[in-house]
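Trainee: Just dropping this structure here.
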Amino acid sequence: MMMEDIVTVFPAVTILRNEPLAHYTHTKTGGPADFLAFPTNIQETKSLLAYANQEKLPVTVVGNASNLIVRDGGIRGLVMILTKMNHITTDGQTVTAESGAALIEATKVAQAHSLTGFEFAAGIPGSVGGAIFMNAGAYGGEISEVAISAEVLTPEGEIRTLNQKELDFGYRHSSVQDYHDIILTATFALTPGDGKAIQAKMDDLNARRAAKQPLDLPSCGSVFKRPKGHYTGQLIQEAGLQGLKWGGAQVSTKHAGFIVNIDHATATDYLELIHHIQAVILKEDNVQLETEVRIIGEEPTAK
């Protein structure tokens with residue numbers, strides 16, 4: 001069976017050929033995926049992985065593509081975007097969400113059930129799966145503080161439930177990154193609270209986010225991890241790099257820790273600007289900035 005048959009093997013699944021990933025990333029950049037699939041449930045995801053393994057087709061899983069740069073050469077093999085797997089349920093003081101659910105929606109469900117502890121994530125634009133993968137955080141909170149388990153699909157096709165210890169959370173890290181598992185669902189343990197007070201806190205954090213971050217322009221969110229003893233945005237500002245344009249990309253004039261797409265930027269524009277910032281900060285401050293954004297895909301072929 002030829003791997004091109006994947007489209008006909010899974011007639012119930014939306015699968016696109018040679019699809020530009022720029023249509024899905026928050027930067028509006030990125031080359032094509034050979035095959036881009038949108039499974040709607042765990043069984044479809046498991047079947048797609050089994051088929052890809054059988055056909056020796058590389059597999060890449062993408063959540064909401066918010067903290068992601070896909071190189072301009074695109075991604076070979078099968079890419080799965082899980083945003084159609086987005087059910088969220090509650091049980092007492094826990095919220096369980098499928099990995100493609102928007103993290104913001106999970107916080108809204110928590111608020112609707114007067115559950116507190118999730119407010120810090122009210123404005124994080126990623127998916128639940130991406131938040132587990134990256135141990136997303138904001139405003140003093142991290143996913144590791146509320147996530148108690150995640151159901152994952154291993155590269156070999158086995159479904160496992162990982163507890164908090166097995167998820168091995170660290171700063172913008174989880175064990176899922178090391179073992180290349182596909183996150184299927186996540187469960188969060190919260191605390192009973194006052195719904196109005198929870199909403200007020202979420203509103204306050206979202207207002208602060210809107211005041212400080214360039215939410216009106218395409219970006220990949222916070223580009224760099226915070227180096228010990230420093231603030232990334234401050235380092236970039238003091239180096240005179242805020243507002244710097246590189247092709248169609250620019251260091252945000254609103255928040256120097258963000259790079260925005262102001263004029264049909266390419267992923268290459270983003271990556272070259274990132275490397276330039278890293279080189280300047282290393283030279284001027286002797287600080288090695290590490291990327292927080294996930295960078296995947298292939299370099300474009302030379303013309």
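Quick note on naming: the chains in the structure tokens go A, B, ... in the order shown, residues restart at 1 in each chain, and ligands are numbered from 1 in order of appearance.
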Excluding Gln43 (chain A) and its own-chain neighbours fewer than 6 positions away, which residues fall within 12 Å of it when counting only C-alpha atoms? Please give them as a PyMOL selection string.
Mentor: chain A and resi 10+12-13+49-50+85+153+157-159+184
Trainee: What would the file look like if the residues just selected were written as a tab-separated table (two decimals), in the first residue's frame with N, CA, C and O atoms?
Mentor:
chain	number	residue	atom	x	y	z
A	10	PHE	N	-8.54	6.78	5.08
A	10	PHE	CA	-9.28	7.43	6.17
A	10	PHE	C	-10.29	8.42	5.60
A	10	PHE	O	-10.14	9.64	5.76
A	12	ALA	N	-13.15	9.30	6.58
A	12	ALA	CA	-13.89	10.08	7.56
A	12	ALA	C	-13.06	11.21	8.17
A	12	ALA	O	-13.58	12.08	8.87
A	13	VAL	N	-11.74	11.19	7.90
A	13	VAL	CA	-10.85	12.19	8.47
A	13	VAL	C	-10.47	13.22	7.41
A	13	VAL	O	-10.14	12.86	6.27
A	49	LEU	N	-1.74	7.07	13.55
A	49	LEU	CA	-0.37	6.76	13.98
A	49	LEU	C	0.02	5.35	13.56
A	49	LEU	O	1.15	5.14	13.08
A	50	ALA	N	-0.89	4.39	13.73
A	50	ALA	CA	-0.58	3.00	13.34
A	50	ALA	C	-0.29	2.91	11.84
A	50	ALA	O	0.66	2.22	11.43
A	85	MET	N	-10.31	17.74	18.48
A	85	MET	CA	-10.47	16.97	19.72
A	85	MET	C	-10.52	17.98	20.86
A	85	MET	O	-9.49	18.35	21.43
A	153	LEU	N	-0.61	8.89	23.92
A	153	LEU	CA	-0.40	7.81	22.96
A	153	LEU	C	1.09	7.76	22.68
A	153	LEU	O	1.68	8.72	22.20
A	157	GLY	N	2.18	3.36	19.79
A	157	GLY	CA	0.74	3.16	19.66
A	157	GLY	C	0.04	2.70	20.92
A	157	GLY	O	-1.14	2.33	20.88
A	158	GLU	N	0.71	2.75	22.07
A	158	GLU	CA	0.11	2.34	23.33
A	158	GLU	C	-0.48	3.56	24.04
A	158	GLU	O	0.15	4.62	24.10
A	159	ILE	N	-1.69	3.42	24.57
A	159	ILE	CA	-2.30	4.49	25.35
A	159	ILE	C	-1.94	4.30	26.82
A	159	ILE	O	-2.15	3.23	27.38
A	184	LEU	N	-3.37	13.13	24.61
A	184	LEU	CA	-4.76	12.92	24.21
A	184	LEU	C	-5.73	13.69	25.09
A	184	LEU	O	-6.64	14.36	24.59
Trainee: To one decimal place, how far is CA of Ser174 (chain A) from CA of Arg208 (chain A) in Å?
Mentor: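 Result for CA of Ser174 (chain A) versus CA of Arg208 (chain A): 27.5 Å, one decimal.
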Trainee: Extract, using only C-alpha atoms, all DNA, RNA and protein residues at most 7 Å from Ile75 (chain A), discarding same-chain residues fewer than 4 positions from it, and format them as a VMD selection string.
Mentor: chain A and resid 32 to 34 297 to 298
Trainee: Could you take the residues named above and write them with N, CA and C atoms, as a short mmCIF file (atom, residue, chain, number, x, y, z; two decimals), in the first residue's frame?
Mentor:
data_model
loop_
_atom_site.label_atom_id
_atom_site.label_comp_id
_atom_site.auth_asym_id
_atom_site.auth_seq_id
_atom_site.Cartn_x
_atom_site.Cartn_y
_atom_site.Cartn_z
N PRO A 32 4.83 23.81 3.70
CA PRO A 32 3.74 22.84 3.61
C PRO A 32 4.00 21.54 4.36
N ALA A 33 2.90 20.91 4.77
CA ALA A 33 2.94 19.54 5.29
C ALA A 33 2.61 18.61 4.13
N ASP A 34 3.34 17.50 4.02
CA ASP A 34 3.01 16.53 2.98
C ASP A 34 1.55 16.10 3.11
N GLY A 297 10.38 21.48 11.53
CA GLY A 297 10.31 21.50 10.07
C GLY A 297 11.68 21.60 9.42
N GLU A 298 11.65 21.65 8.10
CA GLU A 298 12.87 21.63 7.30
C GLU A 298 13.19 23.00 6.73
#
Trainee: Quick one: of A:Ala189, A:Tyr171, A:Thr29, A:Pro58, who's nearest to Ala267 (chain A), counting only C-alpha atoms?
Mentor: A:Thr29
Trainee: Apply DSSP to the backbone of this structure and, from region 39-267 of chain A, keep only the residues in strand (DSSP E or B); write these as a PyMOL selection string.
Mentor: chain A and resi 59-62+68-70+75-81+88-91+94-98+102+115-116+127+137-138+141-142+147-153+159-163+170+173+182-189+191-192+219-222+224+245-246+249-251+258-261
Trainee: Kindly indicate which residue among A:Ser127, A:Gln164, A:Thr14, A:Gln278 lies nearest to Ala239 (chain A), using only C-alpha atoms for the distances.
Mentor: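 Nearest to Ala239 (chain A): A:Gln278.
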Trainee: For a test of reading the model, state the distance in Å between CA of Ala249 (chain A) and CA of Ala210 (chain A), rounded to one decimal.
Mentor: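 Between these atoms lies a distance of 20.4 Å.
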Trainee: Taking the DSSP secondary structure from the backbone, can you list the residues of region 6-228 of chain A that are alpha helix (DSSP H), as JSON, numbers by chain?
Mentor: {"A": [6, 7, 8, 9, 42, 43, 44, 45, 46, 47, 48, 49, 50, 51, 52, 53, 54, 103, 104, 105, 106, 107, 108, 109, 110, 111, 112, 128, 129, 130, 131, 132, 133, 134, 164, 165, 166, 167, 175, 176, 177, 178, 179, 195, 196, 197, 198, 199, 200, 201, 202, 203, 204, 205, 206, 207, 208, 209, 210, 211, 212]}
Trainee: Quick one: residues within 9 Å of Ala97 (chain A), only C-alpha atoms counted, chain neighbours fewer than 6 positions away excluded, as a list of chain:residue names?
Mentor: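 Residues meeting the cut-off are A:Met85, A:Asn86, A:His87, A:Ile88, A:Thr89, A:Thr90, A:Leu103, A:Ala106, A:Val128, A:Gly129, A:Leu184, A:Thr185, A:Ala186, A:Thr187, A:Phe188.
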Trainee: Those residues with N, CA and C atoms, as a tab-separated table (two decimals), in the first residue's frame please?
Mentor:
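For reference, again.tsv as written:
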chain	number	residue	atom	x	y	z
A	85	MET	N	-10.31	17.74	18.48
A	85	MET	CA	-10.47	16.97	19.72
A	85	MET	C	-10.52	17.98	20.86
A	86	ASN	N	-11.70	18.46	21.17
A	86	ASN	CA	-11.78	19.63	22.05
A	86	ASN	C	-12.86	19.55	23.13
A	87	HIS	N	-13.27	18.35	23.50
A	87	HIS	CA	-14.29	18.22	24.55
A	87	HIS	C	-13.69	18.52	25.93
A	88	ILE	N	-14.50	19.17	26.76
A	88	ILE	CA	-14.08	19.51	28.13
A	88	ILE	C	-15.19	19.06	29.07
A	89	THR	N	-14.84	18.34	30.13
A	89	THR	CA	-15.82	17.88	31.12
A	89	THR	C	-15.34	18.21	32.52
A	90	THR	N	-16.27	18.22	33.46
A	90	THR	CA	-15.92	18.44	34.87
A	90	THR	C	-16.46	17.29	35.71
A	103	LEU	N	-6.92	26.17	25.74
A	103	LEU	CA	-6.69	26.33	27.17
A	103	LEU	C	-7.60	27.40	27.75
A	106	ALA	N	-10.88	25.94	28.61
A	106	ALA	CA	-10.83	25.13	29.83
A	106	ALA	C	-10.92	26.02	31.07
A	128	VAL	N	-4.71	22.73	25.20
A	128	VAL	CA	-4.45	22.00	26.44
A	128	VAL	C	-3.23	21.09	26.27
A	129	GLY	N	-3.16	20.39	25.13
A	129	GLY	CA	-2.02	19.52	24.88
A	129	GLY	C	-0.71	20.28	24.82
A	184	LEU	N	-3.37	13.13	24.61
A	184	LEU	CA	-4.76	12.92	24.21
A	184	LEU	C	-5.73	13.69	25.09
A	185	THR	N	-5.56	13.59	26.40
A	185	THR	CA	-6.38	14.34	27.35
A	185	THR	C	-5.52	14.76	28.54
A	186	ALA	N	-6.02	15.71	29.29
A	186	ALA	CA	-5.34	16.14	30.52
A	186	ALA	C	-6.39	16.43	31.58
A	187	THR	N	-6.04	16.13	32.83
A	187	THR	CA	-6.96	16.38	33.94
A	187	THR	C	-6.31	17.34	34.93
A	188	PHE	N	-7.10	18.32	35.37
A	188	PHE	CA	-6.62	19.37	36.25
A	188	PHE	C	-7.42	19.35	37.55
Trainee: With distances taken over only C-alpha atoms, which of A:Thr268, A:Thr301, A:Arg209, A:Thr94 is nearest to Thr107 (chain A)?
Mentor: A:Thr94
